[in-house]
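Below: my_file10.txt (compact mmCIF, C-alpha atoms)
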```
# COMPACT_ATOMS: atom_id res chain seq x y z
CA MET A 1 -1.84 16.08 23.44
CA ILE A 2 1.71 15.62 22.08
CA GLU A 3 4.20 18.29 21.11
CA TYR A 4 7.52 17.52 19.44
CA ARG A 5 9.62 20.62 19.97
CA ASP A 6 12.74 21.11 17.78
CA ILE A 7 13.81 17.45 17.85
CA TYR A 8 17.34 16.58 16.73
CA LYS A 9 18.77 13.06 16.66
CA ALA A 10 21.91 11.72 14.99
CA TYR A 11 23.79 8.42 14.87
CA ASP A 12 26.58 8.20 12.30
CA ALA A 13 24.70 10.90 10.38
CA PRO A 14 21.81 13.26 11.21
CA VAL A 15 18.44 11.50 11.39
CA LEU A 16 16.14 14.24 12.71
CA SER A 17 17.09 17.87 12.15
CA GLY A 18 14.77 20.18 14.05
CA VAL A 19 11.34 18.52 13.87
CA SER A 20 8.47 20.41 15.53
CA LEU A 21 4.92 19.06 15.41
CA ARG A 22 1.76 19.29 17.51
CA VAL A 23 -0.73 16.42 17.74
CA GLU A 24 -4.19 17.44 18.93
CA PRO A 25 -6.39 15.44 21.34
CA GLY A 26 -8.42 12.75 19.58
CA GLU A 27 -6.55 13.22 16.31
CA CYS A 28 -5.12 10.49 14.11
CA ILE A 29 -2.00 11.72 12.35
CA SER A 30 0.12 9.56 10.04
CA ILE A 31 3.85 10.14 9.57
CA VAL A 32 5.09 9.09 6.14
CA GLY A 33 8.29 9.53 4.21
CA PRO A 34 11.22 7.70 2.60
CA SER A 35 12.90 4.84 4.45
CA GLY A 36 15.58 5.95 6.89
CA THR A 37 14.23 9.46 7.30
CA GLY A 38 13.55 9.18 11.03
CA LYS A 39 9.86 8.30 11.28
CA SER A 40 10.25 5.49 13.83
CA VAL A 41 12.97 7.43 15.66
CA LEU A 42 10.55 10.34 16.14
CA LEU A 43 7.83 7.96 17.33
CA LYS A 44 10.13 6.40 19.94
CA THR A 45 10.95 9.78 21.45
CA THR A 46 7.28 10.10 22.47
CA ASN A 47 7.56 7.73 25.42
CA GLY A 48 11.27 7.98 26.06
CA LEU A 49 12.35 4.80 24.26
CA LEU A 50 14.84 7.12 22.56
CA ARG A 51 16.13 10.44 23.87
CA PRO A 52 16.71 13.25 21.36
CA ASP A 53 20.11 14.92 21.22
CA ARG A 54 18.37 18.28 21.31
CA GLY A 55 14.78 19.36 21.81
CA ASP A 56 12.04 17.74 23.86
CA VAL A 57 8.69 16.00 23.66
CA PHE A 58 5.73 17.04 25.78
CA VAL A 59 2.80 14.71 26.51
CA GLU A 60 -0.18 16.63 27.88
CA GLY A 61 2.24 19.37 28.87
CA GLU A 62 4.67 17.06 30.69
CA SER A 63 8.29 16.97 29.53
CA VAL A 64 9.52 13.52 28.53
CA GLY A 65 13.16 14.61 28.49
CA ASN A 66 13.11 16.06 31.99
CA ALA A 67 10.96 13.36 33.57
CA GLY A 68 12.63 11.22 36.19
CA ARG A 69 11.96 7.50 36.49
CA LYS A 70 8.58 7.96 38.19
CA GLY A 71 7.62 10.78 35.87
CA LEU A 72 8.44 8.67 32.82
CA GLU A 73 6.39 5.78 34.23
CA LYS A 74 3.44 8.16 34.61
CA ILE A 75 3.79 9.34 31.01
CA ARG A 76 4.13 5.80 29.67
CA ARG A 77 0.88 4.76 31.35
CA LYS A 78 -0.87 7.18 29.02
CA ILE A 79 0.66 5.58 25.93
CA GLY A 80 0.09 2.27 24.16
CA TYR A 81 2.71 1.16 21.62
CA VAL A 82 2.09 -1.15 18.66
CA PHE A 83 5.47 -2.49 17.53
CA GLN A 84 6.42 -3.43 13.99
CA TYR A 85 5.87 -7.18 13.40
CA ALA A 86 3.78 -7.25 16.66
CA ALA A 87 6.85 -8.17 18.79
CA LEU A 88 5.03 -10.82 20.82
CA PHE A 89 6.89 -13.04 23.29
CA ASP A 90 7.10 -16.46 21.64
CA SER A 91 7.08 -18.42 24.91
CA MET A 92 4.02 -16.61 26.33
CA THR A 93 0.38 -17.35 25.60
CA VAL A 94 -1.91 -14.73 24.09
CA PHE A 95 -3.26 -14.02 27.59
CA GLU A 96 0.24 -13.52 29.00
CA ASN A 97 1.30 -11.33 26.08
CA VAL A 98 -1.69 -9.01 26.40
CA CYS A 99 -1.11 -8.78 30.17
CA GLN A 100 2.23 -7.10 29.42
CA GLY A 101 0.28 -4.00 28.42
CA LEU A 102 -1.16 -3.55 31.92
CA PRO A 103 0.55 -1.44 34.59
CA GLU A 104 3.13 -3.57 36.42
CA GLU A 105 1.21 -3.72 39.69
CA GLU A 106 -1.88 -5.02 37.85
CA ALA A 107 -0.01 -7.44 35.56
CA GLN A 108 1.36 -9.20 38.66
CA HIS A 109 -2.14 -10.41 39.49
CA GLN A 110 -2.78 -12.43 36.33
CA ARG A 111 -5.06 -14.87 38.13
CA SER A 112 -7.52 -12.18 39.19
CA PRO A 113 -10.96 -12.05 37.51
CA GLU A 114 -10.45 -8.33 36.80
CA VAL A 115 -7.27 -8.95 34.78
CA LEU A 116 -8.96 -11.74 32.84
CA ARG A 117 -11.92 -9.47 32.12
CA ARG A 118 -9.69 -6.67 30.84
CA VAL A 119 -7.62 -8.98 28.63
CA CYS A 120 -10.75 -10.54 27.13
CA GLU A 121 -12.25 -7.10 26.55
CA ALA A 122 -9.10 -5.90 24.76
CA LEU A 123 -9.10 -8.98 22.50
CA GLU A 124 -12.76 -8.44 21.68
CA ASP A 125 -11.97 -4.80 20.85
CA VAL A 126 -9.70 -6.08 18.05
CA ASN A 127 -12.23 -8.66 16.84
CA LEU A 128 -10.57 -11.73 18.37
CA ASP A 129 -12.49 -14.38 20.30
CA PRO A 130 -10.80 -14.92 23.70
CA ALA A 131 -12.41 -18.34 24.08
CA HIS A 132 -10.55 -19.61 21.02
CA ILE A 133 -7.09 -18.03 21.35
CA LEU A 134 -6.47 -17.04 24.98
CA ASN A 135 -4.11 -19.97 25.65
CA ASP A 136 -2.52 -20.12 22.18
CA LEU A 137 1.12 -19.30 21.55
CA PRO A 138 2.02 -16.70 18.88
CA ALA A 139 3.32 -19.46 16.57
CA GLU A 140 -0.21 -20.87 16.43
CA LEU A 141 -1.65 -17.62 15.08
CA SER A 142 -1.74 -16.13 11.59
CA GLY A 143 0.21 -12.95 10.85
CA GLY A 144 -2.94 -10.85 10.95
CA MET A 145 -3.99 -12.32 14.29
CA ARG A 146 -0.55 -11.65 15.79
CA LYS A 147 -0.85 -8.03 14.72
CA ARG A 148 -4.21 -7.79 16.44
CA VAL A 149 -2.88 -9.37 19.64
CA GLY A 150 -0.14 -6.73 19.59
CA LEU A 151 -2.83 -4.09 19.25
CA ALA A 152 -4.81 -5.62 22.13
CA ARG A 153 -1.68 -5.42 24.29
CA ALA A 154 -1.34 -1.73 23.42
CA ILE A 155 -4.91 -0.85 24.45
CA VAL A 156 -5.51 -3.17 27.42
CA GLY A 157 -4.28 -0.47 29.82
CA ARG A 158 -6.78 1.99 28.31
CA PRO A 159 -4.17 4.54 27.19
CA ARG A 160 -4.99 8.05 26.03
CA ILE A 161 -2.48 7.79 23.17
CA VAL A 162 -1.66 4.88 20.85
CA LEU A 163 1.54 4.87 18.79
CA TYR A 164 1.71 2.59 15.74
CA ASP A 165 5.09 1.68 14.22
CA GLU A 166 4.44 0.30 10.71
CA PRO A 167 1.27 -1.57 11.78
CA VAL A 168 0.68 -3.31 8.43
CA THR A 169 4.24 -4.37 7.54
CA GLY A 170 4.23 -7.95 6.26
CA LEU A 171 0.45 -8.20 5.90
CA ASP A 172 -1.55 -8.99 2.77
CA PRO A 173 -3.97 -6.31 1.46
CA VAL A 174 -7.00 -7.80 3.23
CA ASN A 175 -5.36 -7.97 6.65
CA SER A 176 -3.85 -4.52 6.09
CA ALA A 177 -7.37 -3.21 5.51
CA VAL A 178 -8.57 -4.96 8.68
CA VAL A 179 -5.86 -3.27 10.75
CA GLY A 180 -6.73 0.10 9.19
CA LEU A 181 -10.39 -0.32 10.14
CA LEU A 182 -9.39 -1.30 13.68
CA ILE A 183 -7.21 1.81 14.06
CA THR A 184 -10.14 4.00 13.03
CA ASP A 185 -12.59 2.09 15.24
CA ILE A 186 -10.35 2.18 18.31
CA GLN A 187 -9.65 5.88 17.88
CA ALA A 188 -13.35 6.68 17.71
CA ARG A 189 -14.64 4.24 20.34
CA LEU A 190 -11.89 4.61 22.94
CA LYS A 191 -11.36 8.34 22.24
CA VAL A 192 -7.61 7.93 21.86
CA THR A 193 -5.06 10.08 20.05
CA SER A 194 -3.24 8.07 17.37
CA VAL A 195 0.17 8.56 15.75
CA VAL A 196 0.81 6.13 12.88
CA VAL A 197 4.19 5.63 11.20
CA THR A 198 3.53 3.88 7.90
CA HIS A 199 4.70 3.26 4.34
CA ASP A 200 1.10 2.53 3.27
CA ILE A 201 0.09 5.94 1.97
CA GLU A 202 -3.34 4.79 0.80
CA GLN A 203 -4.18 3.59 4.30
CA ALA A 204 -2.74 6.77 5.84
CA LEU A 205 -4.96 8.91 3.64
CA GLY A 206 -7.99 6.86 4.66
CA ILE A 207 -7.53 6.82 8.44
CA SER A 208 -5.89 10.18 9.23
CA GLN A 209 -7.09 13.69 9.93
CA ARG A 210 -3.61 14.93 8.97
CA ILE A 211 -0.51 13.64 7.18
CA ALA A 212 3.05 14.65 8.10
CA LEU A 213 5.80 13.90 5.59
CA LEU A 214 9.38 13.61 6.83
CA ASP A 215 12.14 14.04 4.27
CA ARG A 216 15.85 13.96 5.16
CA GLY A 217 15.15 14.59 8.81
CA LYS A 218 12.82 17.57 8.37
CA LEU A 219 9.08 18.01 8.06
CA ARG A 220 8.36 18.73 4.42
CA PHE A 221 4.57 18.75 4.63
CA VAL A 222 1.82 18.75 7.28
CA GLY A 223 -1.81 18.94 6.25
CA THR A 224 -5.08 17.16 5.61
CA PRO A 225 -5.37 14.20 3.23
CA GLY A 226 -7.06 16.50 0.72
CA GLU A 227 -4.22 19.02 0.92
CA PHE A 228 -1.73 16.17 0.57
CA LYS A 229 -3.34 14.95 -2.64
CA GLU A 230 -3.48 18.48 -4.08
CA SER A 231 0.07 19.51 -3.10
CA GLN A 232 2.34 20.55 -5.97
CA ASP A 233 5.48 19.56 -4.06
CA PRO A 234 7.17 16.85 -6.19
CA ILE A 235 8.13 14.74 -3.13
CA VAL A 236 4.56 14.86 -1.81
CA GLN A 237 3.28 13.98 -5.27
CA ALA A 238 5.68 11.03 -5.36
CA PHE A 239 3.92 9.60 -2.32
CA ALA A 240 0.47 10.51 -3.56
CA ASN A 241 0.70 8.67 -6.90
CA ARG A 242 2.93 6.07 -8.53
CA GLN A 243 3.54 8.00 -11.76
CA ALA A 244 5.05 10.93 -9.84
CA ALA A 245 7.09 8.48 -7.74
CA THR A 246 8.62 7.01 -10.91
CA ALA A 247 9.54 10.47 -12.16
CA VAL A 248 11.29 11.34 -8.88
CA ALA A 249 13.09 7.98 -8.87
CA LEU A 250 14.40 8.56 -12.41
CA LYS A 251 15.66 12.01 -11.42
CA ILE A 252 17.49 10.57 -8.41
CA MET A 253 19.11 7.89 -10.58
CA GLU A 254 20.24 10.52 -13.10
CA GLU A 255 21.83 12.60 -10.32
CA GLN A 256 23.74 9.57 -9.05
```

Can you turn what I pasted into structure tokens?
Amino acid sequence: MIEYRDIYKAYDAPVLSGVSLRVEPGECISIVGPSGTGKSVLLKTTNGLLRPDRGDVFVEGESVGNAGRKGLEKIRRKIGYVFQYAALFDSMTVFENVCQGLPEEEAQHQRSPEVLRRVCEALEDVNLDPAHILNDLPAELSGGMRKRVGLARAIVGRPRIVLYDEPVTGLDPVNSAVVGLLITDIQARLKVTSVVVTHDIEQALGISQRIALLDRGKLRFVGTPGEFKESQDPIVQAFANRQAATAVALKIMEEQ
């Protein structure tokens, strides 16, 4: 479904240094790793929000890097994107925000019964009652509800792929668990392929068929949750349990 092929990206310093990864149809894969190691950068290359310096991304065999404007529009219609902190438009109602996830030619007809039906259906898919929140502004919603509206916006166009950029950042444990359950439910019910960038390793282990760990711009580990837990790699262990993380942190401090 998605193939990252030898991806390089640098700003003041290298961020991604030759990342290659295949994501299979219907799979949920979580990308974890230390802060600043390029997880979100890799995610944004999927739909052309960022262009790699070298390498390319292929979505169902189509090159993102070589796609023209129309080709990129076609690829993006296959992809829903859940932004960190939901990224809702403050001046728009819930209805108007979710409409932004529809193809442009459909979103222009917001008064049509079909658009209303699709928006309400997307909100119901994330366990929100359209009758109660459709005309609310984001400021009137809780943090967990804003996250779910952002998720509704990502799926209203019925994409084949959903990308999640830190979907539980800023949420309490209960709402984090709710979002995790929704990711699993949406993947199964809508038959989508999911790529999740997250710092929540416990959630990643619970929702994913595979885990990919990025470290200093390279893939250090790719495997099942069971293989992740059993890995003897000290960096993988540091993410798998707190005691190992403390040991790695102490070693880093000693080296500095």

**Request:** Fewer than 5 positions away in the same chain doesn't count, so skip those; otherwise give me all residues within 10 Å of A:Lys229, counting all atoms listed in the file, as a ChimeraX atom specification.
**Result:** /A:205,223-224,236-237,239-241

**Message:** Around (0.6, 7.5, 32.0), as given in the file, which residues come within 10 Å? Count only C-alpha atoms and list them as a PyMOL selection string.
**Reply:** chain A and resi 47+59+71-80+103+157-161

**Request:** Report the distance between atom CA of A:Ser63 and atom CA of A:Arg22 in Å, rounded to one decimal place.
**Result:**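 The value is 13.9 Å.
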
**Prompt:** Distance atom CA of A:Leu49-atom CA of A:Val64, one decimal place?
**Reply:**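 Computed distance, atom CA of A:Leu49 to atom CA of A:Val64, equals 10.1 Å.
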
**Request:** Check the smallest atom-to-atom distance from each of A:Asn135, A:Met1, A:Val57, A:Phe95 to A:Arg117 using only C-alpha atoms, then report the winner.
**Result:**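 Result for the nearest residue to A:Arg117: A:Phe95.
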
**Request:** Counting only C-alpha atoms, figure out which residue out of A:Gln232, A:Val178, A:Gln187, A:Gly217 gets nearest to A:Glu27.
**Result:**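 Smallest distance to A:Glu27 is found for A:Gln187.
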
**Request:** Would you mind listing what lies within 6 Å of stretch 29-46 of chain A as a VMD selection string, with all atoms listed in the file counted and same-chain residues fewer than 5 positions away left out?
**Result:** chain A and resid 15 to 16 51 195 to 198 204 208 to 217

Could you write out the selected residues, including C-alpha atoms, as a PDB file, in the frame of the given file?
```
ATOM      1  CA  VAL A  15      18.440  11.500  11.390  1.00  0.00           C
ATOM      2  CA  LEU A  16      16.140  14.240  12.710  1.00  0.00           C
ATOM      3  CA  ARG A  51      16.130  10.440  23.870  1.00  0.00           C
ATOM      4  CA  VAL A 195       0.170   8.560  15.750  1.00  0.00           C
ATOM      5  CA  VAL A 196       0.810   6.130  12.880  1.00  0.00           C
ATOM      6  CA  VAL A 197       4.190   5.630  11.200  1.00  0.00           C
ATOM      7  CA  THR A 198       3.530   3.880   7.900  1.00  0.00           C
ATOM      8  CA  ALA A 204      -2.740   6.770   5.840  1.00  0.00           C
ATOM      9  CA  SER A 208      -5.890  10.180   9.230  1.00  0.00           C
ATOM     10  CA  GLN A 209      -7.090  13.690   9.930  1.00  0.00           C
ATOM     11  CA  ARG A 210      -3.610  14.930   8.970  1.00  0.00           C
ATOM     12  CA  ILE A 211      -0.510  13.640   7.180  1.00  0.00           C
ATOM     13  CA  ALA A 212       3.050  14.650   8.100  1.00  0.00           C
ATOM     14  CA  LEU A 213       5.800  13.900   5.590  1.00  0.00           C
ATOM     15  CA  LEU A 214       9.380  13.610   6.830  1.00  0.00           C
ATOM     16  CA  ASP A 215      12.140  14.040   4.270  1.00  0.00           C
ATOM     17  CA  ARG A 216      15.850  13.960   5.160  1.00  0.00           C
ATOM     18  CA  GLY A 217      15.150  14.590   8.810  1.00  0.00           C
TER      19      GLY A 217
END
```

Requested file, stretch 41-185 of chain A restricted to C-alpha atoms, as a PDB file, in the first residue's frame:
```pdb
ATOM      1  CA  VAL A  41       8.940  14.083   8.743  1.00  0.00           C
ATOM      2  CA  LEU A  42       8.649  10.556   7.317  1.00  0.00           C
ATOM      3  CA  LEU A  43       4.871  10.632   7.762  1.00  0.00           C
ATOM      4  CA  LYS A  44       4.559  13.927   5.874  1.00  0.00           C
ATOM      5  CA  THR A  45       6.429  12.560   2.873  1.00  0.00           C
ATOM      6  CA  THR A  46       3.562  10.091   2.348  1.00  0.00           C
ATOM      7  CA  ASN A  47       1.203  12.647   0.834  1.00  0.00           C
ATOM      8  CA  GLY A  48       3.743  15.178  -0.367  1.00  0.00           C
ATOM      9  CA  LEU A  49       3.462  17.632   2.528  1.00  0.00           C
ATOM     10  CA  LEU A  50       7.258  17.321   2.596  1.00  0.00           C
ATOM     11  CA  ARG A  51       9.506  16.264  -0.275  1.00  0.00           C
ATOM     12  CA  PRO A  52      12.544  14.104   0.541  1.00  0.00           C
ATOM     13  CA  ASP A  53      15.971  15.257  -0.585  1.00  0.00           C
ATOM     14  CA  ARG A  54      16.578  11.784  -1.985  1.00  0.00           C
ATOM     15  CA  GLY A  55      14.414   8.720  -2.419  1.00  0.00           C
ATOM     16  CA  ASP A  56      10.693   8.475  -3.075  1.00  0.00           C
ATOM     17  CA  VAL A  57       7.400   7.315  -1.622  1.00  0.00           C
ATOM     18  CA  PHE A  58       4.989   5.114  -3.554  1.00  0.00           C
ATOM     19  CA  VAL A  59       1.280   4.893  -2.697  1.00  0.00           C
ATOM     20  CA  GLU A  60      -0.345   1.888  -4.369  1.00  0.00           C
ATOM     21  CA  GLY A  61       2.528   1.922  -6.839  1.00  0.00           C
ATOM     22  CA  GLU A  62       2.215   5.626  -7.705  1.00  0.00           C
ATOM     23  CA  SER A  63       5.236   7.863  -7.157  1.00  0.00           C
ATOM     24  CA  VAL A  64       4.583  10.812  -4.848  1.00  0.00           C
ATOM     25  CA  GLY A  65       7.820  12.552  -5.827  1.00  0.00           C
ATOM     26  CA  ASN A  66       7.153  12.407  -9.557  1.00  0.00           C
ATOM     27  CA  ALA A  67       3.444  13.189  -9.391  1.00  0.00           C
ATOM     28  CA  GLY A  68       2.353  16.452 -10.927  1.00  0.00           C
ATOM     29  CA  ARG A  69      -0.345  18.619  -9.370  1.00  0.00           C
ATOM     30  CA  LYS A  70      -3.208  16.416 -10.594  1.00  0.00           C
ATOM     31  CA  GLY A  71      -1.347  13.250  -9.738  1.00  0.00           C
ATOM     32  CA  LEU A  72      -0.689  14.481  -6.206  1.00  0.00           C
ATOM     33  CA  GLU A  73      -4.369  15.413  -5.806  1.00  0.00           C
ATOM     34  CA  LYS A  74      -5.294  11.855  -6.833  1.00  0.00           C
ATOM     35  CA  ILE A  75      -2.896  10.379  -4.280  1.00  0.00           C
ATOM     36  CA  ARG A  76      -4.091  12.695  -1.513  1.00  0.00           C
ATOM     37  CA  ARG A  77      -7.697  11.605  -2.054  1.00  0.00           C
ATOM     38  CA  LYS A  78      -6.628   8.167  -0.891  1.00  0.00           C
ATOM     39  CA  ILE A  79      -5.155   9.521   2.346  1.00  0.00           C
ATOM     40  CA  GLY A  80      -6.692  10.954   5.509  1.00  0.00           C
ATOM     41  CA  TYR A  81      -4.398  12.863   7.878  1.00  0.00           C
ATOM     42  CA  VAL A  82      -4.918  13.274  11.626  1.00  0.00           C
ATOM     43  CA  PHE A  83      -2.790  16.208  12.767  1.00  0.00           C
ATOM     44  CA  GLN A  84      -1.175  16.606  16.163  1.00  0.00           C
ATOM     45  CA  TYR A  85      -3.437  18.653  18.491  1.00  0.00           C
ATOM     46  CA  ALA A  86      -6.320  18.088  15.967  1.00  0.00           C
ATOM     47  CA  ALA A  87      -5.520  21.363  14.099  1.00  0.00           C
ATOM     48  CA  LEU A  88      -9.152  22.437  13.804  1.00  0.00           C
ATOM     49  CA  PHE A  89     -10.088  25.852  12.416  1.00  0.00           C
ATOM     50  CA  ASP A  90     -11.186  27.925  15.418  1.00  0.00           C
ATOM     51  CA  SER A  91     -13.656  30.074  13.463  1.00  0.00           C
ATOM     52  CA  MET A  92     -15.410  27.096  11.816  1.00  0.00           C
ATOM     53  CA  THR A  93     -18.130  24.928  13.306  1.00  0.00           C
ATOM     54  CA  VAL A  94     -17.669  21.196  13.734  1.00  0.00           C
ATOM     55  CA  PHE A  95     -19.682  20.674  10.533  1.00  0.00           C
ATOM     56  CA  GLU A  96     -17.482  23.080   8.572  1.00  0.00           C
ATOM     57  CA  ASN A  97     -14.278  21.568   9.968  1.00  0.00           C
ATOM     58  CA  VAL A  98     -15.253  18.018   9.027  1.00  0.00           C
ATOM     59  CA  CYS A  99     -16.262  19.208   5.537  1.00  0.00           C
ATOM     60  CA  GLN A 100     -12.620  20.158   4.949  1.00  0.00           C
ATOM     61  CA  GLY A 101     -11.849  16.447   4.658  1.00  0.00           C
ATOM     62  CA  LEU A 102     -14.074  16.037   1.595  1.00  0.00           C
ATOM     63  CA  PRO A 103     -12.763  16.445  -1.962  1.00  0.00           C
ATOM     64  CA  GLU A 104     -12.875  20.126  -2.933  1.00  0.00           C
ATOM     65  CA  GLU A 105     -15.680  19.749  -5.461  1.00  0.00           C
ATOM     66  CA  GLU A 106     -17.868  18.056  -2.814  1.00  0.00           C
ATOM     67  CA  ALA A 107     -16.944  20.409   0.047  1.00  0.00           C
ATOM     68  CA  GLN A 108     -18.231  23.338  -2.034  1.00  0.00           C
ATOM     69  CA  HIS A 109     -21.766  21.976  -1.711  1.00  0.00           C
ATOM     70  CA  GLN A 110     -22.054  22.119   2.074  1.00  0.00           C
ATOM     71  CA  ARG A 111     -25.804  22.684   1.953  1.00  0.00           C
ATOM     72  CA  SER A 112     -26.489  19.428   0.125  1.00  0.00           C
ATOM     73  CA  PRO A 113     -28.183  16.560   2.014  1.00  0.00           C
ATOM     74  CA  GLU A 114     -25.426  14.188   0.843  1.00  0.00           C
ATOM     75  CA  VAL A 115     -22.660  16.276   2.449  1.00  0.00           C
ATOM     76  CA  LEU A 116     -24.648  16.540   5.679  1.00  0.00           C
ATOM     77  CA  ARG A 117     -25.192  12.775   5.664  1.00  0.00           C
ATOM     78  CA  ARG A 118     -21.495  12.066   5.176  1.00  0.00           C
ATOM     79  CA  VAL A 119     -20.396  14.495   7.891  1.00  0.00           C
ATOM     80  CA  CYS A 120     -22.893  13.043  10.368  1.00  0.00           C
ATOM     81  CA  GLU A 121     -21.789   9.521   9.484  1.00  0.00           C
ATOM     82  CA  ALA A 122     -18.121  10.408  10.060  1.00  0.00           C
ATOM     83  CA  LEU A 123     -18.926  11.939  13.463  1.00  0.00           C
ATOM     84  CA  GLU A 124     -20.901   8.854  14.444  1.00  0.00           C
ATOM     85  CA  ASP A 125     -17.940   6.699  13.370  1.00  0.00           C
ATOM     86  CA  VAL A 126     -15.876   8.417  16.094  1.00  0.00           C
ATOM     87  CA  ASN A 127     -18.642   8.148  18.704  1.00  0.00           C
ATOM     88  CA  LEU A 128     -19.816  11.770  18.555  1.00  0.00           C
ATOM     89  CA  ASP A 129     -23.481  12.760  18.365  1.00  0.00           C
ATOM     90  CA  PRO A 130     -23.981  15.140  15.409  1.00  0.00           C
ATOM     91  CA  ALA A 131     -27.217  16.476  16.881  1.00  0.00           C
ATOM     92  CA  HIS A 132     -25.336  17.843  19.884  1.00  0.00           C
ATOM     93  CA  ILE A 133     -22.111  19.213  18.384  1.00  0.00           C
ATOM     94  CA  LEU A 134     -22.610  19.878  14.664  1.00  0.00           C
ATOM     95  CA  ASN A 135     -22.841  23.664  15.104  1.00  0.00           C
ATOM     96  CA  ASP A 136     -20.353  23.977  17.986  1.00  0.00           C
ATOM     97  CA  LEU A 137     -17.029  25.749  17.645  1.00  0.00           C
ATOM     98  CA  PRO A 138     -13.814  23.909  18.649  1.00  0.00           C
ATOM     99  CA  ALA A 139     -13.485  26.105  21.771  1.00  0.00           C
ATOM    100  CA  GLU A 140     -16.752  24.613  23.047  1.00  0.00           C
ATOM    101  CA  LEU A 141     -15.391  21.060  22.918  1.00  0.00           C
ATOM    102  CA  SER A 142     -13.173  19.100  25.294  1.00  0.00           C
ATOM    103  CA  GLY A 143      -9.682  18.079  24.192  1.00  0.00           C
ATOM    104  CA  GLY A 144     -10.799  14.513  23.569  1.00  0.00           C
ATOM    105  CA  MET A 145     -13.757  15.642  21.476  1.00  0.00           C
ATOM    106  CA  ARG A 146     -11.536  17.921  19.372  1.00  0.00           C
ATOM    107  CA  LYS A 147      -9.267  14.967  18.668  1.00  0.00           C
ATOM    108  CA  ARG A 148     -12.251  12.934  17.523  1.00  0.00           C
ATOM    109  CA  VAL A 149     -13.510  15.741  15.278  1.00  0.00           C
ATOM    110  CA  GLY A 150     -10.047  15.795  13.708  1.00  0.00           C
ATOM    111  CA  LEU A 151     -10.337  12.057  13.162  1.00  0.00           C
ATOM    112  CA  ALA A 152     -13.807  12.481  11.628  1.00  0.00           C
ATOM    113  CA  ARG A 153     -12.349  15.033   9.208  1.00  0.00           C
ATOM    114  CA  ALA A 154      -9.671  12.521   8.208  1.00  0.00           C
ATOM    115  CA  ILE A 155     -12.150   9.735   7.396  1.00  0.00           C
ATOM    116  CA  VAL A 156     -15.115  11.665   5.959  1.00  0.00           C
ATOM    117  CA  GLY A 157     -13.706  11.270   2.441  1.00  0.00           C
ATOM    118  CA  ARG A 158     -13.481   7.494   2.970  1.00  0.00           C
ATOM    119  CA  PRO A 159      -9.713   7.251   2.402  1.00  0.00           C
ATOM    120  CA  ARG A 160      -7.843   3.994   1.899  1.00  0.00           C
ATOM    121  CA  ILE A 161      -5.017   5.172   4.172  1.00  0.00           C
ATOM    122  CA  VAL A 162      -5.109   7.136   7.442  1.00  0.00           C
ATOM    123  CA  LEU A 163      -1.977   8.810   8.798  1.00  0.00           C
ATOM    124  CA  TYR A 164      -1.879   9.715  12.497  1.00  0.00           C
ATOM    125  CA  ASP A 165       0.655  12.262  13.782  1.00  0.00           C
ATOM    126  CA  GLU A 166       0.863  11.873  17.581  1.00  0.00           C
ATOM    127  CA  PRO A 167      -2.897  11.254  17.953  1.00  0.00           C
ATOM    128  CA  VAL A 168      -2.919  11.187  21.769  1.00  0.00           C
ATOM    129  CA  THR A 169      -0.604  14.124  22.543  1.00  0.00           C
ATOM    130  CA  GLY A 170      -2.098  16.244  25.333  1.00  0.00           C
ATOM    131  CA  LEU A 171      -4.793  13.740  26.290  1.00  0.00           C
ATOM    132  CA  ASP A 172      -5.371  12.116  29.672  1.00  0.00           C
ATOM    133  CA  PRO A 173      -5.060   8.299  29.916  1.00  0.00           C
ATOM    134  CA  VAL A 174      -8.797   7.697  29.481  1.00  0.00           C
ATOM    135  CA  ASN A 175      -9.133   9.803  26.334  1.00  0.00           C
ATOM    136  CA  SER A 176      -5.880   8.328  25.012  1.00  0.00           C
ATOM    137  CA  ALA A 177      -7.412   4.875  25.407  1.00  0.00           C
ATOM    138  CA  VAL A 178     -10.575   6.053  23.616  1.00  0.00           C
ATOM    139  CA  VAL A 179      -8.533   7.272  20.639  1.00  0.00           C
ATOM    140  CA  GLY A 180      -6.621   3.981  20.567  1.00  0.00           C
ATOM    141  CA  LEU A 181      -9.861   2.009  20.443  1.00  0.00           C
ATOM    142  CA  LEU A 182     -11.162   4.259  17.661  1.00  0.00           C
ATOM    143  CA  ILE A 183      -8.006   3.718  15.582  1.00  0.00           C
ATOM    144  CA  THR A 184      -8.451  -0.046  15.875  1.00  0.00           C
ATOM    145  CA  ASP A 185     -12.184   0.140  15.170  1.00  0.00           C
TER     146      ASP A 185
END
```
